[in-house]
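Dumped protein-v9.csv below, it's CSV, C-alpha atoms:
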chain,number,residue,atom,x,y,z
A,1,MET,CA,88.2,69.1,126.6
A,2,ARG,CA,87.8,70.5,123.1
A,3,LYS,CA,85.4,67.7,122.2
A,4,ILE,CA,83.3,68.4,125.3
A,5,ILE,CA,83.1,72.1,124.3
A,6,LEU,CA,82.0,71.2,120.7
A,7,LEU,CA,79.4,68.8,122.0
A,8,VAL,CA,77.9,71.3,124.4
A,9,SER,CA,77.9,74.0,121.6
A,10,ALA,CA,76.1,71.5,119.3
A,11,MET,CA,73.5,70.7,122.1
A,12,LEU,CA,72.9,74.4,122.7
A,13,PHE,CA,72.5,75.1,119.0
A,14,SER,CA,70.0,72.2,118.7
A,15,LEU,CA,68.1,73.5,121.8
A,16,SER,CA,67.9,77.0,120.3
A,17,LEU,CA,66.4,75.6,117.1
A,18,GLY,CA,63.9,73.6,119.2
A,19,LEU,CA,62.9,76.7,121.1
A,20,LEU,CA,62.5,78.7,117.9
A,21,GLY,CA,60.5,75.9,116.4
A,22,GLN,CA,62.5,76.0,113.1
A,23,ALA,CA,65.7,77.1,111.5
A,24,PRO,CA,66.0,80.8,110.4
A,25,PRO,CA,64.4,81.3,107.0
A,26,HIS,CA,66.6,81.5,104.0
A,27,VAL,CA,66.6,85.0,102.7
A,28,VAL,CA,67.6,86.2,99.2
A,29,SER,CA,68.5,89.9,99.3
A,30,PRO,CA,68.7,92.0,97.2
A,31,GLU,CA,67.0,90.3,94.2
A,32,VAL,CA,67.4,92.3,91.0
A,33,GLN,CA,64.7,91.8,88.4
A,34,SER,CA,65.1,92.1,84.7
A,35,ASP,CA,62.9,95.3,84.5
A,36,GLY,CA,65.1,97.2,87.1
A,37,HIS,CA,62.9,96.6,90.1
A,38,VAL,CA,64.9,95.4,93.2
A,39,THR,CA,63.4,93.4,96.1
A,40,PHE,CA,65.1,93.7,99.5
A,41,ARG,CA,64.5,91.3,102.4
A,42,LEU,CA,65.4,91.1,106.1
A,43,ALA,CA,64.7,88.4,108.6
A,44,ALA,CA,63.8,90.4,111.8
A,45,PRO,CA,60.7,88.8,113.5
A,46,ASN,CA,61.0,91.0,116.6
A,47,ALA,CA,61.2,94.3,114.7
A,48,ALA,CA,58.2,96.7,114.8
A,49,LYS,CA,59.1,98.7,111.7
A,50,VAL,CA,61.6,98.2,108.9
A,51,VAL,CA,62.4,100.5,105.9
A,52,VAL,CA,65.0,100.4,103.2
A,53,ASN,CA,66.9,103.6,102.3
A,54,VAL,CA,68.3,103.4,98.7
A,55,GLU,CA,70.9,105.9,97.5
A,56,GLY,CA,69.3,108.5,95.2
A,57,GLN,CA,65.7,107.8,96.3
A,58,ARG,CA,63.9,110.7,98.0
A,59,ASP,CA,62.2,108.6,100.7
A,60,PRO,CA,62.9,105.3,102.4
A,61,ALA,CA,60.6,102.5,101.2
A,62,PRO,CA,58.5,100.8,103.9
A,63,MET,CA,58.9,97.0,104.2
A,64,GLN,CA,56.1,94.5,105.0
A,65,LYS,CA,56.5,91.5,107.4
A,66,ASP,CA,55.3,88.0,106.5
A,67,GLU,CA,54.3,85.1,108.7
A,68,ASN,CA,57.9,84.0,109.0
A,69,GLY,CA,59.2,87.4,110.3
A,70,VAL,CA,60.8,88.3,106.9
A,71,TRP,CA,60.4,91.9,105.9
A,72,THR,CA,60.1,92.7,102.1
A,73,ALA,CA,60.0,95.8,99.9
A,74,THR,CA,60.4,96.2,96.1
A,75,VAL,CA,61.9,99.5,94.8
A,76,GLY,CA,62.2,100.8,91.3
A,77,PRO,CA,62.5,100.5,88.5
A,78,LEU,CA,66.1,101.7,89.0
A,79,GLN,CA,68.4,102.7,86.2
A,80,PRO,CA,71.5,100.5,85.7
A,81,ASP,CA,74.1,101.5,88.3
A,82,ILE,CA,75.5,100.6,91.7
A,83,TYR,CA,73.4,101.9,94.6
A,84,GLY,CA,74.2,102.0,98.3
A,85,TYR,CA,71.4,101.1,100.6
A,86,SER,CA,70.7,100.5,104.3
A,87,LEU,CA,68.0,98.5,106.0
A,88,ILE,CA,66.7,100.5,109.0
A,89,ALA,CA,65.0,98.4,111.7
A,90,ASP,CA,63.3,100.3,114.5
A,91,GLY,CA,65.5,103.3,113.8
A,92,VAL,CA,68.8,101.3,113.6
A,93,SER,CA,70.7,101.4,110.3
A,94,LEU,CA,71.9,97.9,109.3
A,95,ILE,CA,74.0,96.3,106.7
A,96,ASP,CA,72.1,93.7,104.7
A,97,PRO,CA,73.3,90.3,106.2
A,98,SER,CA,72.3,88.4,103.0
A,99,ASN,CA,74.5,90.6,100.7
A,100,GLN,CA,78.3,90.5,100.5
A,101,LEU,CA,78.5,93.6,98.2
A,102,MET,CA,79.5,96.6,100.2
A,103,LYS,CA,79.9,100.4,99.9
A,104,PRO,CA,82.8,101.1,102.2
A,105,ASN,CA,82.9,104.4,104.1
A,106,LEU,CA,84.7,105.6,107.2
A,107,LEU,CA,81.5,106.9,108.9
A,108,PHE,CA,78.6,105.1,107.3
A,109,THR,CA,79.3,101.8,105.5
A,110,GLN,CA,76.3,100.5,103.5
A,111,SER,CA,75.4,97.5,101.5
A,112,ALA,CA,75.3,97.9,97.7
A,113,VAL,CA,73.2,96.5,94.8
A,114,HIS,CA,74.5,96.3,91.3
A,115,ILE,CA,72.1,96.7,88.3
A,116,PRO,CA,74.3,95.8,85.4
A,117,ASP,CA,74.4,97.2,81.9
A,118,PRO,CA,77.4,96.3,79.7
A,119,ALA,CA,77.2,99.8,78.0
A,120,ARG,CA,78.0,101.7,81.2
A,121,SER,CA,81.6,103.0,81.6
A,122,TRP,CA,82.1,101.5,85.0
A,123,GLU,CA,81.3,97.9,84.1
A,124,VAL,CA,84.0,95.2,83.8
A,125,SER,CA,84.5,94.6,80.1
A,126,ASP,CA,86.7,92.3,78.0
A,127,VAL,CA,89.3,95.0,77.4
A,128,PRO,CA,92.9,95.3,78.6
A,129,HIS,CA,93.0,96.2,82.3
A,130,GLY,CA,95.3,98.5,84.3
A,131,GLU,CA,96.5,97.8,87.8
A,132,ILE,CA,95.9,99.3,91.1
A,133,HIS,CA,98.9,99.7,93.6
A,134,HIS,CA,98.4,100.5,97.3
A,135,HIS,CA,101.0,102.6,99.1
A,136,PHE,CA,101.4,103.4,102.8
A,137,TYR,CA,103.4,106.2,104.3
A,138,HIS,CA,103.7,108.3,107.5
A,139,SER,CA,102.7,111.9,106.8
A,140,LYS,CA,105.1,114.2,108.6
A,141,VAL,CA,102.9,117.1,107.5
A,142,ASN,CA,99.8,115.8,109.1
A,143,GLY,CA,101.3,113.5,111.8
A,144,PHE,CA,99.4,110.3,111.0
A,145,ASP,CA,99.8,107.2,108.9
A,146,SER,CA,98.3,107.7,105.5
A,147,ASP,CA,97.9,105.9,102.2
A,148,PHE,CA,97.2,106.4,98.5
A,149,TYR,CA,96.3,104.2,95.5
A,150,VAL,CA,97.8,104.4,92.1
A,151,TYR,CA,96.2,103.2,88.9
A,152,THR,CA,98.6,102.4,86.1
A,153,PRO,CA,97.1,102.0,82.6
A,154,PRO,CA,97.3,98.8,80.5
A,155,ASN,CA,100.8,98.1,79.1
A,156,TYR,CA,102.4,100.3,81.7
A,157,ASP,CA,106.0,99.1,82.1
A,158,PRO,CA,108.3,100.9,84.6
A,159,ASN,CA,111.3,99.6,82.6
A,160,LYS,CA,110.2,101.3,79.4
A,161,LYS,CA,110.9,104.9,78.6
A,162,THR,CA,107.2,105.8,78.2
A,163,ASP,CA,106.1,108.5,80.5
A,164,TYR,CA,102.4,109.3,81.3
A,165,PRO,CA,100.4,112.3,82.4
A,166,VAL,CA,99.0,112.0,85.9
A,167,LEU,CA,95.6,112.8,87.4
A,168,TYR,CA,95.2,113.3,91.1
A,169,LEU,CA,91.7,112.1,91.9
A,170,LEU,CA,90.2,113.0,95.2
A,171,HIS,CA,87.4,111.4,97.2
A,172,GLY,CA,84.7,113.1,99.4
A,173,PHE,CA,84.3,113.5,103.1
A,174,SER,CA,83.8,110.2,105.0
A,175,ASP,CA,85.4,108.2,102.2
A,176,GLY,CA,88.7,106.4,102.5
A,177,ALA,CA,91.5,106.5,99.9
A,178,ASP,CA,89.8,103.5,98.3
A,179,GLY,CA,86.6,105.6,97.6
A,180,TRP,CA,87.2,106.1,93.9
A,181,SER,CA,88.3,102.5,93.2
A,182,ALA,CA,86.0,100.5,95.6
A,183,VAL,CA,82.8,102.6,95.1
A,184,GLY,CA,83.5,104.9,92.1
A,185,ARG,CA,85.0,102.0,90.0
A,186,ALA,CA,87.4,104.5,88.5
A,187,ASN,CA,89.8,101.9,87.3
A,188,PHE,CA,87.2,100.3,85.1
A,189,ILE,CA,86.1,103.7,83.8
A,190,PHE,CA,89.7,104.3,82.8
A,191,ASP,CA,90.1,100.8,81.3
A,192,ASN,CA,87.0,101.3,79.1
A,193,LEU,CA,87.7,104.8,78.0
A,194,ILE,CA,91.3,104.1,77.1
A,195,ALA,CA,90.3,100.9,75.2
A,196,GLN,CA,87.6,102.9,73.3
A,197,GLY,CA,90.2,105.5,72.3
A,198,LYS,CA,88.2,108.2,74.2
A,199,ALA,CA,90.9,108.9,76.8
A,200,LYS,CA,94.7,109.1,76.8
A,201,PRO,CA,96.5,106.5,78.9
A,202,MET,CA,97.3,108.2,82.2
A,203,ILE,CA,98.4,107.4,85.7
A,204,VAL,CA,95.8,108.1,88.4
A,205,VAL,CA,96.7,108.8,92.0
A,206,MET,CA,93.9,108.5,94.6
A,207,PRO,CA,95.2,109.7,98.0
A,208,LEU,CA,93.6,109.8,101.5
A,209,GLY,CA,92.1,113.2,101.4
A,210,TYR,CA,92.4,114.5,105.0
A,211,GLY,CA,94.8,117.1,106.3
A,212,ASP,CA,93.5,116.8,109.9
A,213,TYR,CA,92.0,113.4,110.9
A,214,GLU,CA,90.0,115.2,113.6
A,215,VAL,CA,87.3,115.9,111.0
A,216,ILE,CA,86.6,112.1,110.9
A,217,ARG,CA,86.8,111.7,114.6
A,218,ARG,CA,84.1,114.4,115.0
A,219,GLY,CA,82.0,113.2,112.1
A,220,TRP,CA,79.7,115.4,110.2
A,221,THR,CA,79.6,118.1,112.9
A,222,SER,CA,83.3,118.9,112.1
A,223,TRP,CA,82.2,121.2,109.3
A,224,SER,CA,80.6,123.6,111.7
A,225,ASP,CA,84.1,124.3,113.1
A,226,LYS,CA,85.4,126.5,110.3
A,227,GLU,CA,88.9,126.6,111.7
A,228,LEU,CA,89.1,122.8,111.8
A,229,ALA,CA,87.6,122.5,108.3
A,230,LEU,CA,90.0,125.0,106.8
A,231,ARG,CA,93.0,123.4,108.5
A,232,ASN,CA,91.9,120.0,107.1
A,233,LEU,CA,91.8,121.4,103.6
A,234,SER,CA,95.0,123.4,103.8
A,235,LYS,CA,97.1,120.7,105.4
A,236,PHE,CA,95.8,118.2,102.8
A,237,THR,CA,97.2,120.5,100.1
A,238,ASP,CA,100.5,120.6,101.9
A,239,ALA,CA,100.7,116.8,102.2
A,240,LEU,CA,99.7,116.3,98.5
A,241,LEU,CA,102.3,118.7,97.1
A,242,GLY,CA,105.0,118.0,99.7
A,243,GLU,CA,104.7,114.2,100.2
A,244,VAL,CA,102.4,112.3,97.8
A,245,LEU,CA,103.4,114.1,94.5
A,246,PRO,CA,107.2,113.6,95.1
A,247,GLN,CA,106.7,109.9,96.0
A,248,VAL,CA,104.6,109.4,92.8
A,249,GLU,CA,107.2,111.1,90.6
A,250,ALA,CA,110.0,109.2,92.2
A,251,GLU,CA,108.4,105.8,91.8
A,252,TYR,CA,106.3,106.0,88.5
A,253,ARG,CA,107.0,107.0,85.0
A,254,VAL,CA,105.0,110.2,85.0
A,255,LYS,CA,105.5,113.4,82.9
A,256,LYS,CA,106.6,116.2,85.1
A,257,GLY,CA,105.3,119.7,84.7
A,258,ARG,CA,102.0,121.5,85.2
A,259,GLU,CA,100.6,120.7,81.7
A,260,SER,CA,100.9,117.0,82.4
A,261,ARG,CA,99.2,117.2,85.8
A,262,ALA,CA,95.4,117.3,86.5
A,263,ILE,CA,93.5,117.4,89.7
A,264,ALA,CA,89.8,116.5,90.2
A,265,GLY,CA,87.6,115.4,93.0
A,266,LEU,CA,84.1,115.1,94.4
A,267,SER,CA,82.4,117.0,97.3
A,268,MET,CA,85.2,117.7,99.8
A,269,GLY,CA,87.6,116.5,97.1
A,270,GLY,CA,86.1,119.0,94.8
A,271,ALA,CA,86.9,121.8,97.2
A,272,GLU,CA,90.4,120.4,97.6
A,273,SER,CA,90.8,120.3,93.8
A,274,LEU,CA,89.7,123.9,93.4
A,275,ARG,CA,91.7,125.2,96.3
A,276,THR,CA,94.8,123.3,95.4
A,277,GLY,CA,94.6,123.7,91.7
A,278,LEU,CA,93.5,127.4,91.4
A,279,ASN,CA,96.0,128.4,94.1
A,280,HIS,CA,98.9,126.4,92.5
A,281,LEU,CA,98.6,126.8,88.8
A,282,ASP,CA,102.3,126.4,88.7
A,283,GLN,CA,101.6,122.7,89.5
A,284,PHE,CA,98.3,122.0,87.7
A,285,ALA,CA,96.9,123.1,84.4
A,286,TRP,CA,93.7,120.9,84.4
A,287,ILE,CA,91.1,121.1,87.2
A,288,GLY,CA,87.8,119.3,87.7
A,289,ALA,CA,85.3,119.7,90.6
A,290,PHE,CA,82.2,117.6,91.2
A,291,SER,CA,79.5,118.7,93.7
A,292,SER,CA,82.1,120.8,95.6
A,293,GLY,CA,81.5,121.3,99.3
A,294,GLY,CA,83.6,123.4,101.7
A,295,ILE,CA,84.3,126.2,99.2
A,296,ASP,CA,82.2,128.6,101.3
A,297,LEU,CA,84.2,128.6,104.5
A,298,ARG,CA,85.5,132.1,103.7
A,299,ASP,CA,84.9,134.7,101.1
A,300,PHE,CA,85.8,133.4,97.7
A,301,SER,CA,88.5,136.1,97.3
A,302,ALA,CA,90.1,134.9,100.5
A,303,GLU,CA,89.7,131.3,99.6
A,304,PHE,CA,91.2,131.7,96.1
A,305,PRO,CA,93.7,134.6,96.4
A,306,ALA,CA,95.7,133.4,93.4
A,307,VAL,CA,92.8,133.9,90.9
A,308,ASP,CA,93.7,136.9,88.8
A,309,THR,CA,93.8,138.2,85.3
A,310,ASP,CA,96.5,135.6,84.3
A,311,THR,CA,94.4,132.6,85.4
A,312,ASN,CA,93.0,131.9,82.0
A,313,LYS,CA,96.4,131.9,80.4
A,314,LYS,CA,97.6,129.2,82.8
A,315,LEU,CA,94.5,127.0,82.7
A,316,LYS,CA,94.0,124.2,80.1
A,317,LEU,CA,90.6,123.3,81.6
A,318,LEU,CA,88.5,124.3,84.6
A,319,TRP,CA,85.5,121.9,84.7
A,320,ILE,CA,82.8,122.4,87.4
A,321,ALA,CA,79.9,120.0,87.7
A,322,CYS,CA,77.0,119.6,90.1
A,323,GLY,CA,73.7,117.7,90.2
A,324,THR,CA,70.6,120.0,90.0
A,325,ASP,CA,69.1,118.1,93.0
A,326,ASP,CA,72.2,118.4,95.1
A,327,GLY,CA,72.0,120.5,98.3
A,328,LEU,CA,75.3,122.1,97.2
A,329,ILE,CA,74.0,123.4,93.9
A,330,LYS,CA,73.5,127.0,95.2
A,331,ILE,CA,77.1,127.4,96.6
A,332,ASN,CA,78.4,126.0,93.3
A,333,ARG,CA,76.4,128.5,91.3
A,334,ASP,CA,77.6,131.3,93.6
A,335,PHE,CA,81.2,130.2,93.0
A,336,LYS,CA,80.7,130.1,89.2
A,337,SER,CA,79.1,133.6,89.4
A,338,TRP,CA,82.2,134.8,91.2
A,339,LEU,CA,84.5,133.3,88.6
A,340,LYS,CA,82.5,135.1,85.9
A,341,SER,CA,83.0,138.4,87.8
A,342,LYS,CA,86.8,137.7,87.5
A,343,ASP,CA,86.4,136.8,83.8
A,344,VAL,CA,87.7,133.3,84.5
A,345,LYS,CA,86.6,130.8,81.8
A,346,PHE,CA,85.2,127.4,82.9
A,347,SER,CA,83.0,124.6,81.7
A,348,ASP,CA,79.7,124.8,83.5
A,349,ILE,CA,78.1,121.3,83.9
A,350,GLU,CA,74.8,120.7,85.6
A,351,THR,CA,73.1,117.4,85.3
A,352,PRO,CA,70.1,115.7,86.9
A,353,GLY,CA,70.9,114.0,90.2
A,354,ALA,CA,71.7,114.6,93.9
A,355,HIS,CA,74.9,114.2,96.0
A,356,THR,CA,75.5,110.6,94.9
A,357,TRP,CA,78.0,108.3,93.3
A,358,MET,CA,75.5,107.9,90.4
A,359,VAL,CA,76.3,111.5,89.5
A,360,TRP,CA,80.1,111.3,90.1
A,361,ARG,CA,80.7,108.2,88.0
A,362,ARG,CA,79.1,110.0,85.1
A,363,ASN,CA,81.1,113.2,85.9
A,364,LEU,CA,84.4,111.3,85.8
A,365,THR,CA,83.3,109.5,82.6
A,366,ALA,CA,82.6,112.9,80.9
A,367,LEU,CA,85.8,114.7,82.3
A,368,VAL,CA,88.5,112.1,81.5
A,369,PRO,CA,88.3,112.3,77.7
A,370,LEU,CA,89.0,116.1,78.0
A,371,LEU,CA,92.2,115.7,79.9
A,372,PHE,CA,95.7,116.1,78.3
A,373,GLN,CA,94.3,116.8,74.9
Let me see whether you can do it: turn the structure in this file into structure tokens.
Amino acid sequence: MRKIILLVSAMLFSLSLGLLGQAPPHVVSPEVQSDGHVTFRLAAPNAAKVVVNVEGQRDPAPMQKDENGVWTATVGPLQPDIYGYSLIADGVSLIDPSNQLMKPNLLFTQSAVHIPDPARSWEVSDVPHGEIHHHFYHSKVNGFDSDFYVYTPPNYDPNKKTDYPVLYLLHGFSDGADGWSAVGRANFIFDNLIAQGKAKPMIVVMPLGYGDYEVIRRGWTSWSDKELALRNLSKFTDALLGEVLPQVEAEYRVKKGRESRAIAGLSMGGAESLRTGLNHLDQFAWIGAFSSGGIDLRDFSAEFPAVDTDTNKKLKLLWIACGTDDGLIKINRDFKSWLKSKDVKFSDIETPGAHTWMVWRRNLTALVPLLFQ
């Protein structure tokens, strides 16, 4: 019976090739050129319009169809980095079927193109490498199964009496717990900075950043429900302090105490870092925030009630960064103005760029050497 099924399948495949007249064309996509230009291709003979949308580019690039039904567009030159992109055929966003490199996301997975440069901090280099450990647990605080990743630096040995400071590194909305490792390449950034003597060896904890998973089920519209958004941020803090932090300190050789703990994150994770860190300075002395979103759900005084005249005495570092082309630049500037009105000292970092991983990899690279110094 199985032989008959295979024979019929082979006959149908041969018939389909005959009806098409030829086998589907071989497509190479993306094709990275030495000058930084990138050519994207998609075989879609029946599509009427195809464009490619590349992370960090203002407008999608139109693609042109050849006689074989293959659409092509060349973009650039692009600076060395890793860019997410989507091929959009007749309004439908597609993953590039010719490319195995992905930019994972809970709401909008994309393909990715890597333009290498050995000098970049996120490249794989011939240096000692740390390890990434994946942990799963059921959150009693939030009522759902959750996870977190832990980076341990090179030469970490749980049987030795060497303890390390710890950074809690938070992803943005729509990312999973693997956002910083799979897309941000944080582990390679730490490997390289530690090998170069620019950063102290540290343990890095990358947790799933949702306090209420309803925000993912509703998608981007969830932020219009301020009650839900606030609950998501608040319950995340509860889970981080009440569940993740105790597990990490029980299983890893970490230094305990606020001066050995840092918290930093991007976008939603930036808001979580500010809310958790500034309202729990008994737990964290180092705070970093990249392109923070969700800090404007209430008045700043209501959002950060613990900020007072003693804040500067407790902080080792408050580092606030945002790209000048980011749609969140205004709210970040407003927040910094509010901090100034409270006489709170902070590092004010504004760089070119939008709400993209190209900005956040550089933010992390700049922040890490300042921690635990």
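Atom CA of Leu318 of chain A lies 15.8 Å from atom CA of Thr365 of chain A.
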Exercise for the section: Quick one: everything within 8 Å of Pro153 of chain A, counting only C-alpha atoms, minus sequence neighbours fewer than 5 positions away in the same chain. Send it as JSON, numbers by chain. Expected result: {"A": [129, 130, 131, 190, 191, 201, 202, 203]}
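Comparing the minimum interatomic distances between Ala199 of chain A and each of A:Leu364, A:Val32, A:Ala182, A:Leu94, counting all atoms listed in the file, we find that A:Leu364 sits nearest.
Taking only C-alpha atoms into account, Leu241 of chain A lies nearest to A:Val141 out of the set A:Val141, A:Ala195, A:Met358, A:Leu42.
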Handout entry: Contacts of Ile349 of chain A within 9 Å, only C-alpha atoms, excl. fewer than 3 positions in-chain, as an MDAnalysis selection string
Key = chainID A and resid 319:323 363
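Atom CA of Trp357 of chain A to atom CA of Gly242 of chain A spans 29.4 Å [interatomic distance, one decimal].
The coordinates place atom CA of Ile189 of chain A at 28.6 Å from atom CA of Asp238 of chain A.
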Handout entry: Closest of A:Val368, A:Met268, A:Leu245, A:Leu315 to His355 of chain A - atom-to-atom distances counting all atoms listed in the file
Key = A:Met268
Practice task
Extract, using only C-alpha atoms, all DNA, RNA and protein residues at most 8 Å from segment 235-237 of chain A, discarding same-chain residues fewer than 2 positions from it, and format them as a PyMOL selection string.
Solution key: chain A and resi 141-142+209-212+231-233+239-241+272+276
Would you output that residue set with C-alpha atoms, as a PDB file, in the frame of the given file?
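Result file result_37.pdb:
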ATOM      1  CA  VAL A 141     102.900 117.100 107.500  1.00  0.00           C
ATOM      2  CA  ASN A 142      99.800 115.800 109.100  1.00  0.00           C
ATOM      3  CA  GLY A 209      92.100 113.200 101.400  1.00  0.00           C
ATOM      4  CA  TYR A 210      92.400 114.500 105.000  1.00  0.00           C
ATOM      5  CA  GLY A 211      94.800 117.100 106.300  1.00  0.00           C
ATOM      6  CA  ASP A 212      93.500 116.800 109.900  1.00  0.00           C
ATOM      7  CA  ARG A 231      93.000 123.400 108.500  1.00  0.00           C
ATOM      8  CA  ASN A 232      91.900 120.000 107.100  1.00  0.00           C
ATOM      9  CA  LEU A 233      91.800 121.400 103.600  1.00  0.00           C
ATOM     10  CA  ALA A 239     100.700 116.800 102.200  1.00  0.00           C
ATOM     11  CA  LEU A 240      99.700 116.300  98.500  1.00  0.00           C
ATOM     12  CA  LEU A 241     102.300 118.700  97.100  1.00  0.00           C
ATOM     13  CA  GLU A 272      90.400 120.400  97.600  1.00  0.00           C
ATOM     14  CA  THR A 276      94.800 123.300  95.400  1.00  0.00           C
TER      15      THR A 276
END
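Closest approach to Gly36 of chain A among A:Ser301, A:Gln79, A:Gln64, A:Thr309 is made by A:Gln79 (distances from only C-alpha atoms).
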Problem - Close residues, Asp325 of chain A itself excluded, 8 Å, all atoms listed in the file, min 2 positions apart in chain, as a PyMOL selection string - result: chain A and resi 323+327+329+352-355
Protein and nucleic acid residues near (89.0, 131.6, 84.6) (cut-off 8 Å, only C-alpha atoms) as an mmCIF file with C-alpha atoms, in the coordinates of the input:
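Listing of out22.cif after writing:
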data_model
loop_
_atom_site.group_PDB
_atom_site.id
_atom_site.type_symbol
_atom_site.label_atom_id
_atom_site.label_comp_id
_atom_site.auth_asym_id
_atom_site.auth_seq_id
_atom_site.Cartn_x
_atom_site.Cartn_y
_atom_site.Cartn_z
ATOM 1 C CA VAL A 307 92.800 133.900 90.900
ATOM 2 C CA THR A 311 94.400 132.600 85.400
ATOM 3 C CA ASN A 312 93.000 131.900 82.000
ATOM 4 C CA LEU A 315 94.500 127.000 82.700
ATOM 5 C CA LEU A 318 88.500 124.300 84.600
ATOM 6 C CA LEU A 339 84.500 133.300 88.600
ATOM 7 C CA LYS A 340 82.500 135.100 85.900
ATOM 8 C CA LYS A 342 86.800 137.700 87.500
ATOM 9 C CA ASP A 343 86.400 136.800 83.800
ATOM 10 C CA VAL A 344 87.700 133.300 84.500
ATOM 11 C CA LYS A 345 86.600 130.800 81.800
ATOM 12 C CA PHE A 346 85.200 127.400 82.900
#
